[in-house]
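Undergrad: Sharing data_9.txt, compact mmCIF, C-alpha atoms:
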# COMPACT_ATOMS: atom_id res chain seq x y z
CA MET A 1 -37.10 -39.31 -10.68
CA ILE A 2 -36.01 -35.97 -9.24
CA THR A 3 -37.88 -32.73 -8.73
CA ALA A 4 -36.48 -29.39 -9.93
CA ASN A 5 -37.92 -26.13 -8.61
CA VAL A 6 -37.97 -23.80 -11.57
CA ARG A 7 -38.27 -20.03 -11.16
CA LEU A 8 -39.43 -17.69 -13.94
CA PHE A 9 -38.68 -14.01 -14.47
CA ALA A 10 -39.56 -11.07 -16.70
CA GLY A 11 -41.19 -12.08 -20.01
CA LEU A 12 -41.31 -15.77 -19.08
CA HIS A 13 -43.00 -15.00 -15.77
CA GLN A 14 -45.54 -12.79 -17.50
CA LEU A 15 -46.14 -15.30 -20.31
CA ILE A 16 -46.67 -18.37 -18.14
CA GLY A 17 -48.32 -16.50 -15.30
CA GLU A 18 -46.41 -18.37 -12.59
CA ARG A 19 -43.29 -17.45 -10.61
CA ASP A 20 -42.48 -21.07 -9.72
CA LEU A 21 -42.91 -24.44 -11.45
CA GLU A 22 -42.06 -27.95 -10.33
CA MET A 23 -40.62 -30.28 -12.95
CA GLN A 24 -40.07 -34.02 -12.71
CA LEU A 25 -36.92 -35.27 -14.42
CA PRO A 26 -35.08 -38.61 -14.56
CA GLU A 27 -32.22 -39.23 -12.15
CA GLY A 28 -29.00 -37.65 -13.52
CA ALA A 29 -30.86 -35.21 -15.79
CA THR A 30 -28.95 -32.19 -17.06
CA ILE A 31 -29.91 -28.55 -17.60
CA GLU A 32 -30.14 -29.37 -21.31
CA GLN A 33 -32.78 -32.03 -20.60
CA LEU A 34 -34.71 -29.63 -18.38
CA ARG A 35 -34.71 -27.04 -21.18
CA ASN A 36 -35.99 -29.58 -23.70
CA LYS A 37 -38.76 -30.74 -21.38
CA LEU A 38 -39.72 -27.15 -20.66
CA GLY A 39 -40.12 -26.50 -24.39
CA GLU A 40 -42.35 -29.56 -24.72
CA GLU A 41 -44.56 -28.81 -21.71
CA TYR A 42 -44.77 -25.07 -22.39
CA PRO A 43 -44.57 -24.49 -26.16
CA LEU A 44 -44.77 -20.74 -25.52
CA VAL A 45 -41.31 -20.95 -23.96
CA GLN A 46 -39.66 -22.26 -27.11
CA ALA A 47 -39.07 -18.78 -28.51
CA PHE A 48 -37.07 -17.92 -25.37
CA LEU A 49 -34.84 -21.01 -25.31
CA PRO A 50 -32.09 -19.89 -27.73
CA THR A 51 -31.09 -16.97 -25.51
CA LEU A 52 -32.09 -18.42 -22.15
CA VAL A 53 -29.40 -19.11 -19.54
CA CYS A 54 -29.97 -21.20 -16.43
CA ALA A 55 -28.72 -20.63 -12.89
CA VAL A 56 -28.46 -23.19 -10.11
CA GLY A 57 -27.52 -22.11 -6.61
CA GLU A 58 -27.43 -18.51 -7.88
CA GLU A 59 -24.67 -19.27 -10.40
CA TYR A 60 -24.92 -19.51 -14.18
CA VAL A 61 -24.41 -23.13 -15.31
CA PRO A 62 -23.83 -24.78 -18.70
CA GLY A 63 -26.18 -27.26 -20.38
CA GLU A 64 -24.11 -30.25 -19.17
CA HIS A 65 -24.68 -29.35 -15.54
CA VAL A 66 -26.27 -32.33 -13.74
CA LEU A 67 -29.30 -31.63 -11.56
CA HIS A 68 -30.05 -33.05 -8.15
CA ASP A 69 -33.36 -33.61 -6.43
CA GLY A 70 -34.70 -30.38 -5.00
CA ASP A 71 -32.38 -28.07 -6.99
CA HIS A 72 -33.58 -24.52 -7.58
CA VAL A 73 -33.21 -23.62 -11.25
CA ALA A 74 -33.68 -20.03 -12.38
CA LEU A 75 -34.47 -19.37 -16.05
CA ILE A 76 -32.61 -16.19 -16.98
CA PRO A 77 -33.53 -14.35 -20.19
CA PRO A 78 -30.97 -11.75 -21.38
CA VAL A 79 -30.64 -9.27 -18.51
CA SER A 80 -31.48 -5.58 -18.88
CA GLY A 81 -30.91 -3.93 -15.51
CA GLY A 82 -29.51 -0.46 -15.01
CA MET B 1 1.22 57.21 -16.42
CA ILE B 2 -1.54 54.64 -15.97
CA THR B 3 -2.79 52.85 -12.89
CA ALA B 4 -3.25 49.06 -12.83
CA ASN B 5 -5.32 47.44 -10.10
CA VAL B 6 -3.47 44.26 -9.24
CA ARG B 7 -5.16 41.42 -7.36
CA LEU B 8 -3.25 38.73 -5.47
CA PHE B 9 -4.28 35.17 -4.64
CA ALA B 10 -3.15 32.11 -2.73
CA GLY B 11 0.57 32.12 -1.85
CA LEU B 12 1.11 35.63 -3.23
CA HIS B 13 -1.78 36.99 -1.21
CA GLN B 14 -0.46 35.35 1.93
CA LEU B 15 3.14 36.47 1.29
CA ILE B 16 2.40 40.13 0.59
CA GLY B 17 -0.48 40.37 3.02
CA GLU B 18 -2.67 42.37 0.64
CA ARG B 19 -5.48 41.33 -1.70
CA ASP B 20 -5.15 44.42 -3.92
CA LEU B 21 -2.26 46.63 -5.02
CA GLU B 22 -2.16 49.72 -7.19
CA MET B 23 0.75 50.00 -9.59
CA GLN B 24 1.78 53.02 -11.64
CA LEU B 25 3.09 52.18 -15.12
CA PRO B 26 4.04 54.23 -18.18
CA GLU B 27 1.47 54.75 -20.91
CA GLY B 28 1.40 51.69 -23.22
CA ALA B 29 2.97 49.38 -20.64
CA THR B 30 2.59 45.64 -21.18
CA ILE B 31 1.96 42.74 -18.81
CA GLU B 32 5.66 41.93 -19.13
CA GLN B 33 6.58 45.40 -17.82
CA LEU B 34 4.11 45.02 -14.96
CA ARG B 35 5.70 41.69 -14.02
CA ASN B 36 9.18 43.21 -14.04
CA LYS B 37 8.13 46.15 -11.91
CA LEU B 38 6.36 43.81 -9.49
CA GLY B 39 9.59 41.85 -9.05
CA GLU B 40 11.51 45.06 -8.34
CA GLU B 41 9.00 46.51 -5.87
CA TYR B 42 8.29 43.19 -4.14
CA PRO B 43 11.45 41.06 -4.28
CA LEU B 44 9.54 38.27 -2.48
CA VAL B 45 7.44 37.86 -5.62
CA GLN B 46 10.42 37.01 -7.84
CA ALA B 47 10.27 33.29 -6.99
CA PHE B 48 6.67 33.21 -8.30
CA LEU B 49 7.25 35.00 -11.59
CA PRO B 50 8.42 32.04 -13.75
CA THR B 51 5.12 30.18 -13.31
CA LEU B 52 2.82 33.19 -12.86
CA VAL B 53 0.13 33.89 -15.45
CA CYS B 54 -1.80 37.15 -15.65
CA ALA B 55 -5.47 37.72 -16.36
CA VAL B 56 -7.11 40.94 -17.53
CA GLY B 57 -10.88 41.19 -17.77
CA GLU B 58 -11.08 37.62 -16.41
CA GLU B 59 -9.12 36.20 -19.35
CA TYR B 60 -5.57 34.90 -19.41
CA VAL B 61 -3.33 37.22 -21.43
CA PRO B 62 0.22 36.94 -22.82
CA GLY B 63 3.16 39.12 -21.81
CA GLU B 64 2.74 41.37 -24.87
CA HIS B 65 -0.76 42.40 -23.80
CA VAL B 66 -0.94 46.20 -23.50
CA LEU B 67 -2.51 47.63 -20.35
CA HIS B 68 -4.90 50.54 -20.09
CA ASP B 69 -5.53 52.93 -17.26
CA GLY B 70 -7.73 51.31 -14.60
CA ASP B 71 -7.27 47.73 -15.85
CA HIS B 72 -7.78 44.96 -13.31
CA VAL B 73 -4.88 42.54 -13.47
CA ALA B 74 -5.08 39.24 -11.58
CA LEU B 75 -1.83 37.43 -10.79
CA ILE B 76 -2.57 33.74 -11.19
CA PRO B 77 -0.14 31.17 -9.75
CA PRO B 78 -0.59 27.59 -11.04
CA VAL B 79 -4.15 26.64 -10.15
CA SER B 80 -4.98 23.71 -7.86
CA GLY B 81 -8.75 23.57 -7.49
CA GLY B 82 -10.76 20.40 -7.27
CA MET C 1 -23.51 -1.60 0.41
CA PHE C 2 -25.39 -3.70 -2.17
CA GLU C 3 -29.15 -3.43 -2.13
CA ILE C 4 -32.28 -4.09 -4.20
CA THR C 5 -35.32 -2.10 -3.17
CA ALA C 6 -38.73 -0.98 -4.39
CA ASP C 7 -38.24 2.41 -2.70
CA ALA C 8 -36.58 5.57 -4.00
CA LEU C 9 -32.78 5.30 -3.90
CA ASP C 10 -30.76 7.47 -1.51
CA PRO C 11 -27.47 8.62 -3.10
CA ALA C 12 -26.22 10.37 0.07
CA ARG C 13 -26.40 7.13 2.03
CA LEU C 14 -24.48 5.25 -0.67
CA VAL C 15 -21.77 7.91 -0.98
CA ALA C 16 -21.31 7.96 2.80
CA ALA C 17 -20.93 4.17 2.74
CA VAL C 18 -18.14 4.10 0.13
CA GLY C 19 -16.04 7.07 1.35
CA ARG C 20 -12.86 6.51 3.39
CA ASP C 21 -10.43 9.05 4.88
CA GLU C 22 -8.02 8.19 2.06
CA SER C 23 -10.65 8.71 -0.69
CA GLY C 24 -9.92 11.85 -2.74
CA ALA C 25 -12.51 11.16 -5.41
CA ILE C 26 -15.93 9.55 -5.64
CA ALA C 27 -17.64 8.78 -8.94
CA LEU C 28 -21.39 8.28 -8.62
CA PHE C 29 -23.47 6.98 -11.54
CA TYR C 30 -27.23 7.47 -11.82
CA GLY C 31 -29.20 5.31 -14.21
CA VAL C 32 -32.34 7.34 -14.89
CA VAL C 33 -35.60 6.43 -16.65
CA ARG C 34 -35.71 8.45 -19.85
CA ASN C 35 -38.71 9.28 -21.96
CA GLU C 36 -37.54 7.64 -25.19
CA ASN C 37 -35.82 4.46 -26.35
CA MET C 38 -35.19 3.28 -29.90
CA GLY C 39 -37.50 6.01 -31.17
CA ARG C 40 -40.38 4.96 -28.93
CA ASN C 41 -42.12 7.13 -26.37
CA VAL C 42 -41.70 5.47 -22.97
CA ARG C 43 -44.50 5.98 -20.40
CA TYR C 44 -42.86 4.10 -17.52
CA LEU C 45 -40.67 1.08 -16.75
CA GLU C 46 -41.37 -2.04 -14.75
CA TYR C 47 -38.39 -3.94 -13.29
CA ASP C 48 -38.24 -7.61 -12.33
CA VAL C 49 -35.38 -9.13 -10.31
CA TYR C 50 -34.01 -12.37 -8.90
CA PRO C 51 -33.07 -10.71 -5.62
CA GLU C 52 -30.71 -13.20 -3.95
CA MET C 53 -28.74 -13.80 -7.13
CA ALA C 54 -28.72 -10.11 -8.06
CA ILE C 55 -27.03 -9.23 -4.76
CA LYS C 56 -24.55 -12.07 -5.24
CA LYS C 57 -23.70 -10.87 -8.75
CA MET C 58 -23.36 -7.25 -7.57
CA ARG C 59 -20.79 -8.51 -5.06
CA GLN C 60 -19.01 -10.39 -7.84
CA VAL C 61 -18.82 -7.18 -9.88
CA ALA C 62 -17.37 -5.40 -6.83
CA GLU C 63 -14.71 -8.09 -6.48
CA GLU C 64 -13.81 -7.76 -10.16
CA VAL C 65 -13.50 -4.00 -9.77
CA HIS C 66 -11.34 -4.31 -6.64
CA ALA C 67 -9.09 -6.76 -8.51
CA THR C 68 -8.65 -4.41 -11.48
CA TYR C 69 -8.61 -0.84 -10.10
CA ALA C 70 -7.05 0.91 -7.10
CA ILE C 71 -10.29 1.81 -5.35
CA THR C 72 -11.14 2.42 -1.70
CA GLY C 73 -14.82 1.50 -1.81
CA ILE C 74 -17.76 0.50 -4.03
CA GLY C 75 -21.51 0.20 -3.55
CA VAL C 76 -24.57 -0.51 -5.72
CA LEU C 77 -28.28 0.23 -5.23
CA HIS C 78 -30.88 -0.95 -7.75
CA ARG C 79 -34.54 -0.07 -7.64
CA VAL C 80 -37.24 -2.45 -8.92
CA GLY C 81 -41.00 -2.33 -9.50
CA ARG C 82 -42.60 0.52 -11.42
CA LEU C 83 -40.45 3.57 -12.19
CA GLU C 84 -41.59 6.81 -13.79
CA ILE C 85 -39.66 9.06 -16.20
CA GLY C 86 -36.87 10.88 -14.36
CA GLU C 87 -36.69 8.40 -11.49
CA THR C 88 -33.38 6.74 -10.63
CA SER C 89 -33.16 2.99 -11.25
CA LEU C 90 -29.47 2.43 -10.50
CA LEU C 91 -26.80 4.04 -8.36
CA VAL C 92 -23.17 2.91 -8.48
CA ALA C 93 -20.62 4.72 -6.30
CA VAL C 94 -16.85 4.14 -6.39
CA SER C 95 -14.31 5.91 -4.19
CA SER C 96 -10.58 6.07 -4.84
CA ALA C 97 -7.54 8.10 -3.85
CA HIS C 98 -7.50 9.56 -7.37
CA ARG C 99 -10.13 10.52 -9.92
CA ALA C 100 -9.03 8.46 -12.93
CA ALA C 101 -9.45 5.17 -11.06
CA ALA C 102 -12.81 6.29 -9.64
CA PHE C 103 -14.19 7.17 -13.09
CA GLU C 104 -12.85 4.09 -14.88
CA ALA C 105 -13.85 1.66 -12.15
CA CYS C 106 -17.36 3.11 -11.90
CA HIS C 107 -17.88 2.91 -15.67
CA PHE C 108 -16.61 -0.69 -15.72
CA ALA C 109 -18.89 -1.60 -12.79
CA VAL C 110 -21.97 -0.21 -14.56
CA ASP C 111 -21.10 -2.13 -17.74
CA ARG C 112 -20.65 -5.40 -15.79
CA ILE C 113 -23.86 -4.90 -13.81
CA LYS C 114 -25.73 -4.64 -17.10
CA GLN C 115 -24.06 -7.86 -18.29
CA ILE C 116 -24.47 -10.27 -15.39
CA VAL C 117 -26.92 -9.06 -12.71
CA PRO C 118 -30.33 -10.79 -13.11
CA ILE C 119 -32.57 -7.74 -13.40
CA TRP C 120 -34.97 -7.03 -16.28
CA LYS C 121 -36.86 -3.96 -17.45
CA LYS C 122 -40.14 -3.80 -19.30
CA GLU C 123 -40.83 -0.66 -21.32
CA VAL C 124 -44.44 0.44 -21.38
CA TRP C 125 -45.38 2.67 -24.32
CA ASP C 126 -48.64 4.32 -25.26
CA ASP C 127 -49.43 1.43 -27.60
CA GLY C 128 -47.79 -1.62 -26.09
CA GLU C 129 -45.00 -2.98 -23.95
CA GLU C 130 -41.88 -5.14 -24.19
CA TRP C 131 -39.43 -6.85 -21.85
CA ILE C 132 -36.05 -5.56 -22.98
CA GLU C 133 -33.51 -8.25 -23.86
CA GLY C 134 -30.10 -6.83 -23.04
CA HIS C 135 -27.09 -9.05 -22.38
CA ARG C 136 -27.00 -12.85 -22.30
CA PRO C 137 -24.77 -13.57 -19.28
CA ASP C 138 -21.65 -15.62 -19.96
CA VAL C 139 -21.96 -19.19 -18.77
CA PRO C 140 -18.82 -20.82 -17.39
CA PRO C 141 -17.61 -23.93 -19.23
CA ARG C 142 -18.68 -27.27 -17.78
CA THR C 143 -18.93 -27.18 -13.98
CA SER C 144 -18.56 -30.11 -11.61
CA ALA C 145 -21.87 -31.94 -11.32
CA MET D 1 -25.64 25.70 -12.40
CA PHE D 2 -22.14 27.04 -11.71
CA GLU D 3 -21.41 28.20 -8.19
CA ILE D 4 -18.62 28.99 -5.76
CA THR D 5 -19.60 28.89 -2.10
CA ALA D 6 -18.15 28.68 1.39
CA ASP D 7 -21.01 26.41 2.47
CA ALA D 8 -21.35 22.61 2.24
CA LEU D 9 -22.19 21.51 -1.31
CA ASP D 10 -25.60 19.98 -2.09
CA PRO D 11 -25.32 17.17 -4.68
CA ALA D 12 -29.10 16.59 -4.90
CA ARG D 13 -29.64 20.19 -6.00
CA LEU D 14 -26.95 19.92 -8.69
CA VAL D 15 -28.24 16.59 -10.02
CA ALA D 16 -31.78 17.98 -10.22
CA ALA D 17 -30.43 20.96 -12.18
CA VAL D 18 -28.68 18.90 -14.87
CA GLY D 19 -31.34 16.19 -15.43
CA ARG D 20 -33.68 16.34 -18.44
CA ASP D 21 -36.49 13.97 -19.49
CA GLU D 22 -34.16 12.62 -22.17
CA SER D 23 -31.27 11.99 -19.72
CA GLY D 24 -30.73 8.27 -19.16
CA ALA D 25 -27.47 8.64 -17.26
CA ILE D 26 -25.92 11.12 -14.86
CA ALA D 27 -22.27 10.99 -13.81
CA LEU D 28 -21.54 12.90 -10.61
CA PHE D 29 -17.97 13.51 -9.44
CA TYR D 30 -17.06 14.35 -5.84
CA GLY D 31 -13.66 15.84 -5.10
CA VAL D 32 -13.11 15.01 -1.43
CA VAL D 33 -10.45 16.19 1.04
CA ARG D 34 -8.27 13.20 1.83
CA ASN D 35 -6.00 12.70 4.79
CA GLU D 36 -2.74 12.25 2.87
CA ASN D 37 -0.92 13.76 -0.10
CA MET D 38 2.60 12.98 -1.34
CA GLY D 39 3.27 11.03 1.85
CA ARG D 40 2.27 13.90 4.12
CA ASN D 41 -0.47 13.81 6.74
CA VAL D 42 -3.03 16.49 5.83
CA ARG D 43 -4.93 18.16 8.71
CA TYR D 44 -7.20 20.36 6.60
CA LEU D 45 -7.29 22.41 3.38
CA GLU D 46 -7.81 26.11 2.81
CA TYR D 47 -9.09 27.24 -0.62
CA ASP D 48 -8.66 30.63 -2.26
CA VAL D 49 -10.56 31.70 -5.37
CA TYR D 50 -10.95 34.49 -7.91
CA PRO D 51 -14.75 34.16 -7.89
CA GLU D 52 -15.86 36.09 -10.99
CA MET D 53 -13.19 34.53 -13.20
CA ALA D 54 -13.71 31.06 -11.70
CA ILE D 55 -17.39 31.12 -12.69
CA LYS D 56 -16.47 32.39 -16.16
CA LYS D 57 -13.92 29.58 -16.61
CA MET D 58 -16.40 26.95 -15.34
CA ARG D 59 -18.77 28.13 -18.06
CA GLN D 60 -15.96 27.88 -20.62
CA VAL D 61 -15.33 24.27 -19.53
CA ALA D 62 -19.06 23.56 -19.93
CA GLU D 63 -19.00 24.98 -23.47
CA GLU D 64 -15.98 22.83 -24.33
CA VAL D 65 -17.79 19.74 -22.99
CA HIS D 66 -20.98 20.55 -24.92
CA ALA D 67 -18.91 20.97 -28.11
CA THR D 68 -17.18 17.59 -27.65
CA TYR D 69 -19.73 15.21 -26.11
CA ALA D 70 -23.44 14.46 -26.62
CA ILE D 71 -24.63 15.63 -23.22
CA THR D 72 -27.95 16.96 -22.00
CA GLY D 73 -26.70 19.05 -19.06
CA ILE D 74 -23.67 19.99 -16.94
CA GLY D 75 -23.16 21.80 -13.64
CA VAL D 76 -20.27 22.58 -11.30
CA LEU D 77 -20.15 23.52 -7.61
CA HIS D 78 -16.86 24.37 -5.87
CA ARG D 79 -16.48 25.01 -2.18
CA VAL D 80 -13.85 27.42 -0.82
CA GLY D 81 -12.54 28.43 2.61
CA ARG D 82 -11.47 25.84 5.18
CA LEU D 83 -12.36 22.19 4.46
CA GLU D 84 -11.85 19.24 6.78
CA ILE D 85 -10.91 15.66 5.85
CA GLY D 86 -13.86 13.91 4.18
CA GLU D 87 -15.60 17.13 3.12
CA THR D 88 -16.50 17.68 -0.52
CA SER D 89 -14.61 20.46 -2.32
CA LEU D 90 -15.92 19.90 -5.87
CA LEU D 91 -19.04 18.49 -7.49
CA VAL D 92 -19.32 18.07 -11.27
CA ALA D 93 -22.53 16.56 -12.69
CA VAL D 94 -23.07 15.63 -16.35
CA SER D 95 -26.27 14.17 -17.78
CA SER D 96 -26.58 12.41 -21.13
CA ALA D 97 -28.89 10.04 -22.95
CA HIS D 98 -26.23 7.32 -22.56
CA ARG D 99 -23.69 6.40 -19.92
CA ALA D 100 -20.46 6.43 -21.93
CA ALA D 101 -20.85 10.11 -22.85
CA ALA D 102 -21.80 11.00 -19.27
CA PHE D 103 -18.69 9.32 -17.82
CA GLU D 104 -16.26 10.63 -20.43
CA ALA D 105 -17.62 14.17 -20.42
CA CYS D 106 -17.60 14.34 -16.61
CA HIS D 107 -13.99 13.10 -16.43
CA PHE D 108 -12.93 15.60 -19.10
CA ALA D 109 -14.73 18.43 -17.26
CA VAL D 110 -12.95 17.65 -13.98
CA ASP D 111 -9.58 17.58 -15.76
CA ARG D 112 -10.25 20.93 -17.43
CA ILE D 113 -11.50 22.54 -14.21
CA LYS D 114 -8.21 21.62 -12.57
CA GLN D 115 -6.32 23.17 -15.50
CA ILE D 116 -7.98 26.54 -16.00
CA VAL D 117 -10.29 27.56 -13.13
CA PRO D 118 -8.55 30.05 -10.80
CA ILE D 119 -8.89 28.22 -7.49
CA TRP D 120 -6.02 27.27 -5.18
CA LYS D 121 -5.66 24.94 -2.24
CA LYS D 122 -3.32 25.17 0.72
CA GLU D 123 -2.49 21.97 2.55
CA VAL D 124 -2.03 22.33 6.29
CA TRP D 125 0.01 19.57 7.91
CA ASP D 126 1.01 18.99 11.53
CA ASP D 127 4.36 20.67 10.89
CA GLY D 128 3.73 23.26 8.20
CA GLU D 129 1.67 24.27 5.21
CA GLU D 130 1.97 24.84 1.47
CA TRP D 131 -0.06 26.37 -1.35
CA ILE D 132 -0.26 23.61 -3.93
CA GLU D 133 0.96 24.55 -7.40
CA GLY D 134 -1.07 22.50 -9.85
CA HIS D 135 -1.52 23.51 -13.48
CA ARG D 136 -0.23 26.66 -15.15
CA PRO D 137 -3.18 27.74 -17.32
CA ASP D 138 -2.49 28.03 -21.03
CA VAL D 139 -2.20 31.59 -22.20
CA PRO D 140 -3.53 32.42 -25.66
CA PRO D 141 -0.97 33.77 -28.15
CA ARG D 142 -0.81 37.55 -28.48
CA THR D 143 -4.22 39.19 -28.03
CA SER D 144 -5.36 42.49 -29.45
CA ALA D 145 -4.28 45.28 -27.12
Would you encode the structure as structure tokens?
TA:
Amino acid sequence: MITANVRLFAGLHQLIGERDLEMQLPEGATIEQLRNKLGEEYPLVQAFLPTLVCAVGEEYVPGEHVLHDGDHVALIPPVSGG
Amino acid sequence: MITANVRLFAGLHQLIGERDLEMQLPEGATIEQLRNKLGEEYPLVQAFLPTLVCAVGEEYVPGEHVLHDGDHVALIPPVSGG
Amino acid sequence: MFEITADALDPARLVAAVGRDESGAIALFYGVVRNENMGRNVRYLEYDVYPEMAIKKMRQVAEEVHATYAITGIGVLHRVGRLEIGETSLLVAVSSAHRAAAFEACHFAVDRIKQIVPIWKKEVWDDGEEWIEGHRPDVPPRTSA
Amino acid sequence: MFEITADALDPARLVAAVGRDESGAIALFYGVVRNENMGRNVRYLEYDVYPEMAIKKMRQVAEEVHATYAITGIGVLHRVGRLEIGETSLLVAVSSAHRAAAFEACHFAVDRIKQIVPIWKKEVWDDGEEWIEGHRPDVPPRTSA
């Protein structure tokens, strides 16, 4: 198993009430698997998943991206700065 | 005869060394006649005439514009503000 | 100069930072909190940010602008936290030898910032609130694992 | 706010003057004295102006901008006299609900100011000087006498 450090922002942060979560995932898990598990563990998040993008190492990554133990994963809803 | 109060700017002002000139013109004289007389009285001005525009009452006017006694006529070389 | 701060933004400092002796034009954009959006009366805004990534993405925008336009300097300041009507949330300054490049590059930079920089605004109205969903950032195709 | 002055220009004052509660964007343009033009090394600039007409023509530009773009405010400050490299000669600020109108209207306003406002600059180089001939203003067809 690996541990991913998940960071929440904006509506997700407000909804779940935490800035950071730890998630346990199987060795070789992808962003897609993390998203699925997130939806299972936090059903409130499911409404966000279709438009949610993930970032690892401060870069946007696709669903196939493979995670490593200790990775920091940011959940990025559609941005609205400016 | 009428008197036109002629104001000079930029290169013309520097060349002639005056900000204001008085010119005597016949009754009913136009801007075009003023320009011609200016070129005769101040030959140095002739090089400016092709690109010079005149303003009366703070508005650009064409050569056919008829002058009245006491009019203020500004000689406007191509502008270069900004 | 690329900064995220909870304090009031200082345009003079940003303009001084982007100007060079060869700059003939500087375009400065202010994003300002307005009192209305989509027909709703806005009381104030609350901004959230992923600071490290936001700075990194601002720098990426600057690189894109440098690659596309003949500019002499660019800088971005973004305010976060609670902002009242009339307060400035975003400043983008671009200097160039000539004005057309300064205007076009600054406009492009603002558009890109709104597309890829991880910052979010919540509108608070008299009768509710909502986190605004703007642009979904583009995700690169498959990266190396 | 439309002003001609021999003193340093104050952008904060101009921005405050054009902002409204419904303004979400302000585009501010700085015309800055640069150290080079047409391959020549510029030491400083000297500006001449026809003040009353310059203000009148700035107001005409503002009316044209209001007629063409959805803006909430516009202001122009122009400095005259001697200006050194890096000093600001022109400030044009435009506020709007949205950024595209602010950028486009501000760019248009700067272009028009350079076409019709009676202001002139002299470049002073190490080895000479020249009054710059920019745009010949359009003259209306025959007016009533």
Undergrad: Would you mind listing what lies within 10 Å of stretch 129-131 of chain C as a PyMOL selection string, with only C-alpha atoms counted and same-chain residues fewer than 6 positions away left out?
TA: (chain A and resi 10-12+14+77-80) or (chain C and resi 42-48+120-123)
Undergrad: Which is closest to B:Val61 among D:Gly19, D:His66, D:Pro137, D:Gln115, if we use only C-alpha atoms?
TA: D:Pro137
Undergrad: Counting only C-alpha atoms, collect the residues of chain D whose closest atom lies at most 9 Å from chain B, and write them out as a VMD selection string.
TA: chain D and resid 30 to 32 47 to 50 52 to 54 56 to 57 78 to 79 89 to 91 110 113 to 122 130 to 145
Undergrad: By how many Å are atom CA of C:Val61 and atom CA of C:Ser96 apart?
TA: 16.4 Å
Undergrad: At a cut-off of 10 Å, which residues of chain D touch chain C? Count all atoms listed in the file and give the answer as JSON, numbers by chain.
TA: {"D": [10, 11, 12, 15, 16, 19, 20, 21, 22, 23, 24, 25, 26, 27, 28, 29, 30, 31, 32, 33, 34, 35, 36, 37, 85, 86, 87, 88, 89, 90, 91, 92, 93, 94, 95, 96, 97, 98, 99, 100, 102, 103, 104, 106, 107, 110, 111]}
Undergrad: Expressed in Å to a single decimal, how great is the separation between atom CA of A:Leu38 and atom CA of A:Val73?
TA: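 Atom CA of A:Val73 lies 12.0 Å from atom CA of A:Leu38.
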Undergrad: Atom CA of B:Met23 and atom CA of B:Val45, how far apart in Å?
TA: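 Atom CA of B:Val45 sits 14.4 Å away from atom CA of B:Met23.
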Undergrad: In terms of the shortest atom-to-atom distance over all atoms listed in the file, which of D:Val80, D:Ala109, D:Ala101, D:Val18 is closest to D:Gln60?
TA: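 Closest to D:Gln60 of all the choices is D:Ala109.
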Undergrad: Which residues come within 10 Å of A:Pro26, counting all atoms listed in the file, excluding same-chain residues fewer than 5 positions away, as number ranges by chain?
TA: A: 1-3, 33-34, 67-69
Undergrad: Please return as number ranges by chain every residue within 8 Å of (-20.3, 25.0, -11.9), taking into account only C-alpha atoms and the file's own coordinates.
TA: D: 1-4, 55, 58-59, 74-78, 91-92
Undergrad: For stretch 52-59 of chain B, supply N, CA, C and O atoms and report the output as an mmCIF file, in the frame of the given file.
TA:
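That gives us result33.cif:
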data_model
loop_
_atom_site.group_PDB
_atom_site.id
_atom_site.type_symbol
_atom_site.label_atom_id
_atom_site.label_comp_id
_atom_site.auth_asym_id
_atom_site.auth_seq_id
_atom_site.Cartn_x
_atom_site.Cartn_y
_atom_site.Cartn_z
ATOM 1 N N LEU B 52 3.994 32.323 -13.021
ATOM 2 C CA LEU B 52 2.820 33.190 -12.860
ATOM 3 C C LEU B 52 2.194 33.531 -14.206
ATOM 4 O O LEU B 52 2.892 33.854 -15.164
ATOM 5 N N VAL B 53 0.880 33.476 -14.259
ATOM 6 C CA VAL B 53 0.130 33.890 -15.450
ATOM 7 C C VAL B 53 -0.726 35.082 -15.038
ATOM 8 O O VAL B 53 -1.137 35.185 -13.884
ATOM 9 N N CYS B 54 -0.970 35.993 -15.970
ATOM 10 C CA CYS B 54 -1.800 37.150 -15.650
ATOM 11 C C CYS B 54 -3.132 37.094 -16.386
ATOM 12 O O CYS B 54 -3.229 36.542 -17.484
ATOM 13 N N ALA B 55 -4.158 37.631 -15.728
ATOM 14 C CA ALA B 55 -5.470 37.720 -16.360
ATOM 15 C C ALA B 55 -5.927 39.171 -16.331
ATOM 16 O O ALA B 55 -5.739 39.874 -15.331
ATOM 17 N N VAL B 56 -6.498 39.613 -17.441
ATOM 18 C CA VAL B 56 -7.110 40.940 -17.530
ATOM 19 C C VAL B 56 -8.539 40.738 -18.019
ATOM 20 O O VAL B 56 -8.762 39.990 -18.982
ATOM 21 N N GLY B 57 -9.491 41.375 -17.364
ATOM 22 C CA GLY B 57 -10.880 41.190 -17.770
ATOM 23 C C GLY B 57 -11.291 39.730 -17.677
ATOM 24 O O GLY B 57 -12.072 39.223 -18.484
ATOM 25 N N GLU B 58 -10.729 39.031 -16.668
ATOM 26 C CA GLU B 58 -11.080 37.620 -16.410
ATOM 27 C C GLU B 58 -10.701 36.680 -17.554
ATOM 28 O O GLU B 58 -11.319 35.642 -17.736
ATOM 29 N N GLU B 59 -9.678 37.088 -18.324
ATOM 30 C CA GLU B 59 -9.120 36.200 -19.350
ATOM 31 C C GLU B 59 -7.598 36.177 -19.227
ATOM 32 O O GLU B 59 -6.983 37.215 -18.975
#
